[in-house]
Amino acid sequence: MRIGNRQFGRQRFPLRNAGFRGAGKFRLIIALVIGGFALLSYCSSATYNPVTGEKQYLSMTPSQEIAMGLQAVNQMAAQHGGLHPDPRLQEFLDSVCQRIIVNSQALETEWQFECHLLNDPNVVNAFALPGGQMFMTYALFRQLETEGQLAGVMAHEIGHVVARHSAQRMAKAQLTQGIIQAIIMGSENQGAGQMAGMIGNMVNMKYGREDELESDSIGVKFMTDAGYDPNALKGVMKILKAAANGRSAPEFFSTHPNPENRIEKIEEAIRQQFPDGLPAGLKP
């Protein structure tokens with residue numbers, strides 16, 4: 001019996017460890033499948049953007065982007081007190097947007113551009129939905145000092161649309177989520193999954209900041225082609241800085257670059273796009 005017990009003991013623990021190793025290998029295989037599928041899906045979504053001249057990875061077709069934007073218009077308006085009641089202000093916004101669109105590459109795209117002036121008197125903001133729906137709050141509109149500044153804001157938002165930033169960020173978020181799920185599945189350490197999630201969020205915020213700077217650069221070109229002085233966009237950054245009133249988060253933890261950094265990038269974009277100087281007669 002003593003020998004039998006001892007033999008049993010030698011067999012018991014290796015069998016248990018083998019079970020753990022088998023489970024670990026299974027988790028690793030599942031993790032590789034999840035991560036591989038996320039990466040394959042992302043890479044297979046590559047497409048060329050003729051406006052930016054770049055290859056992009058996108059999670060939606062143009063028709064899906066347009067439909068998504070149209071479906072969200074009423075909800076966005078409701079969150080900001082509805083549309084502004086003064087038709088003259090809306091007509092002025094429409095005229096500036098139309099001038100930018102018809103004089104830029106935006107006219108060559110399939111996006112259904114539409115500008116909305118929101119009745120919100122408190123939140124200083126402008127934003128664009130996928131597919132061409134663009135918004136500006138009255139709180140920002142009333143602080144703008146020139147038509148050129150208004151053109152700068154809307155040229156920036158048109159830049160977001162033509163660069164397809166929303167679809168691009170969704171694709172990146174899906175890739176990040178897939179990789180995080182793979183890490184959690186492949187690791188028994190939950191802390192590893194949490195750390196991966198934090199890193200993923202920071203990476204996606206960086207992508208957001210890069211999108212803002214790219215839209216500023218596109219906005220410089222579009223507003224200049226429409227006859228507006230792109231230096232007006234720097235005045236918009238100063239307005240945004242004043243509106244933040246010191247409450248903005250550090251840039252590393254924000255999806256938007258600091259206004260000072262954006263002013264530097266705007267000046268850089270002007271120098272690169274117009275090395276011989278800006279055209280004469282631009283509207284400020």
# chains A, B, ... in the order shown; residues from 1 in each chain; ligands from 1
>>> residues_around(residues="segment 208-219 of chain A", least_positions_apart="5", cutoff="7 Å", atoms="only C-alpha atoms", output="list in words")
Gly152, Ala155, His156, Gly159, His160, His165, Thr255, His256, Pro257, Arg262, Ile266 and Ala269 of chain A
>>> residues_around(residues="Glu260 of chain A", least_positions_apart="2", cutoff="9 Å", atoms="only C-alpha atoms", output="PyMOL selection string")
chain A and resi 237-238+241+257-258+262-265
>>> write_last_selection(atoms="N, CA and C atoms", output="short mmCIF file (atom, residue, chain, number, x, y, z; two decimals), in the first residue's frame")
data_model
loop_
_atom_site.label_atom_id
_atom_site.label_comp_id
_atom_site.auth_asym_id
_atom_site.auth_seq_id
_atom_site.Cartn_x
_atom_site.Cartn_y
_atom_site.Cartn_z
N MET A 237 -8.62 79.52 -32.60
CA MET A 237 -7.93 78.78 -31.53
C MET A 237 -7.86 79.63 -30.26
N LYS A 238 -7.66 80.91 -30.42
CA LYS A 238 -7.61 81.80 -29.25
C LYS A 238 -8.97 81.88 -28.57
N LYS A 241 -9.39 78.68 -26.63
CA LYS A 241 -8.57 78.70 -25.41
C LYS A 241 -9.25 79.53 -24.33
N PRO A 257 -5.74 68.61 -29.47
CA PRO A 257 -4.47 69.25 -29.10
C PRO A 257 -4.74 70.58 -28.41
N ASN A 258 -3.78 71.05 -27.63
CA ASN A 258 -3.89 72.36 -27.01
C ASN A 258 -3.94 73.44 -28.09
N ARG A 262 -1.97 73.90 -31.81
CA ARG A 262 -2.71 73.95 -33.07
C ARG A 262 -2.34 75.21 -33.85
N ILE A 263 -2.12 76.32 -33.16
CA ILE A 263 -1.71 77.55 -33.85
C ILE A 263 -0.37 77.34 -34.54
N GLU A 264 0.56 76.69 -33.87
CA GLU A 264 1.86 76.40 -34.49
C GLU A 264 1.70 75.53 -35.73
N LYS A 265 0.84 74.52 -35.64
CA LYS A 265 0.62 73.62 -36.79
C LYS A 265 -0.09 74.34 -37.93
#
>>> closest_residue(among="A:Ala232, A:Val73, A:Leu150, A:Ile270", to="Phe92 of chain A", atoms="only C-alpha atoms")
A:Leu150
>>> residues_around(residues="Gly131 of chain A", least_positions_apart="6", cutoff="8 Å", atoms="only C-alpha atoms", output="list in words")
Pro62, Ser63, Glu65, Ile66, Ala67, Met68, Gly69, Leu70, Trp111, Gln112, Phe113 and Val161 of chain A
